[in-house]
file start_30.txt (compact mmCIF, C-alpha atoms)
# COMPACT_ATOMS: atom_id res chain seq x y z
CA MET A 28 151.99 41.14 31.54
CA ALA A 29 149.28 38.82 32.94
CA VAL A 30 147.24 41.75 34.18
CA GLU A 31 147.31 43.27 30.70
CA THR A 32 146.09 39.99 29.18
CA GLU A 33 143.22 39.85 31.65
CA ARG A 34 142.19 43.41 30.83
CA VAL A 35 142.27 42.75 27.10
CA LEU A 36 140.17 39.60 27.49
CA ALA A 37 137.64 41.42 29.65
CA LEU A 38 137.31 44.19 27.07
CA LYS A 39 137.04 41.66 24.26
CA ALA A 40 134.28 39.80 26.11
CA PHE A 41 132.48 43.09 26.75
CA TYR A 42 132.47 44.17 23.10
CA MET A 43 131.77 40.69 21.72
CA GLY A 44 128.92 40.24 24.18
CA HIS A 45 127.29 43.48 23.12
CA ALA A 46 127.69 42.68 19.43
CA ILE A 47 126.15 39.24 19.89
CA ALA A 48 123.30 40.58 22.05
CA GLU A 49 122.32 43.03 19.31
CA LYS A 50 122.06 40.28 16.66
CA HIS A 51 119.01 38.35 17.74
CA SER A 52 119.38 35.84 14.90
CA ILE A 53 122.66 34.46 16.31
CA LYS A 54 122.11 35.03 20.03
CA ALA A 55 120.71 31.58 20.88
CA THR A 56 123.44 29.78 18.94
CA ALA A 57 126.16 31.92 20.50
CA LEU A 58 124.81 31.27 24.00
CA ALA A 59 124.72 27.53 23.33
CA MET A 60 128.34 27.62 22.16
CA VAL A 61 129.44 29.66 25.17
CA SER A 62 127.60 27.30 27.55
CA ALA A 63 129.27 24.30 25.90
CA ALA A 64 132.68 25.93 26.34
CA ILE A 65 131.94 26.65 30.00
CA SER A 66 130.85 23.04 30.56
CA HIS A 67 133.97 21.76 28.85
CA LEU A 68 136.31 23.94 30.92
CA GLN A 69 134.39 23.77 34.21
CA ASN A 70 136.74 21.40 36.07
CA THR A 71 140.04 22.60 34.67
CA THR A 72 143.11 23.14 36.81
CA ASN A 73 145.28 24.52 34.00
CA ALA A 74 145.93 28.26 34.42
CA PRO A 75 145.44 29.24 30.74
CA GLU A 76 142.20 27.26 30.62
CA LYS A 77 141.01 28.93 33.82
CA LEU A 78 141.51 32.25 32.07
CA ARG A 79 139.47 30.97 29.10
CA LEU A 80 136.75 29.83 31.48
CA ALA A 81 136.62 33.30 33.02
CA PHE A 82 136.44 34.82 29.53
CA TYR A 83 133.43 32.66 28.62
CA HIS A 84 131.65 33.52 31.87
CA ILE A 85 132.16 37.23 31.22
CA LEU A 86 131.06 36.83 27.60
CA ARG A 87 127.86 35.03 28.68
CA ALA A 88 127.14 37.71 31.27
CA GLU A 89 127.55 40.47 28.69
CA ILE A 90 125.27 38.71 26.21
CA LEU A 91 122.59 38.30 28.86
CA ARG A 92 122.99 41.66 30.55
CA HIS A 93 120.10 43.30 28.73
CA GLU A 94 117.94 40.16 28.57
CA THR A 95 114.33 40.88 29.48
CA THR A 96 113.07 37.32 29.71
CA PRO A 97 114.59 34.73 32.10
CA LEU A 98 116.47 31.81 30.60
CA ASP A 99 115.92 28.19 31.52
CA ASP A 100 119.32 26.89 32.64
call {"tool": "encode", "arguments": {"input": "start_30.txt", "output": "structure tokens"}}
result
Amino acid sequence: MAVETERVLALKAFYMGHAIAEKHSIKATALAMVSAAISHLQNTTNAPEKLRLAFYHILRAEILRHETTPLDD
């Protein structure tokens, strides 16, 4: 069952990331929220939170995948 959950979360991050990337008016806010979530979960040892952290990393990657200008991070 865990493998299925991971697949669903990866697909969800993929589709959400593309939807966010296409809406330029919300992109910066969404990236800020995702970065805040990553920072909050960065040092977690809890398994469900590690899965959330992975989700946010994938979501951020999908949002930025078609970015043409480098970000300052």
call {"tool": "residues_around", "arguments": {"input": "start_30.txt", "residues": "A:Arg87", "least_positions_apart": "3", "cutoff": "8 Å", "atoms": "only C-alpha atoms", "output": "list in words"}}
result
Gly44, Leu58, Val61, Ser62, Tyr83, His84, Ile90 and Leu91 of chain A
call {"tool": "atom_distance", "arguments": {"input": "start_30.txt", "atom1": "atom CA of A:Ala63", "atom2": "atom CA of A:Glu94"}}
result
19.7 Å
call {"tool": "atom_distance", "arguments": {"input": "start_30.txt", "atom1": "atom CA of A:Glu89", "atom2": "atom CA of A:Thr71"}}
result
22.6 Å
call {"tool": "axis_aligned_box", "arguments": {"input": "start_30.txt", "around": "stretch 38-55 of chain A", "padding_each_side": "8 Å", "output": "AutoDock Vina command-line options"}}
result
--center_x 128.2 --center_y 37.9 --center_z 21.0 --size_x 34.3 --size_y 28.6 --size_z 28.2
call {"tool": "atom_distance", "arguments": {"input": "start_30.txt", "atom1": "atom CA of A:Leu36", "atom2": "atom CA of A:Leu80"}}
result
11.1 Å
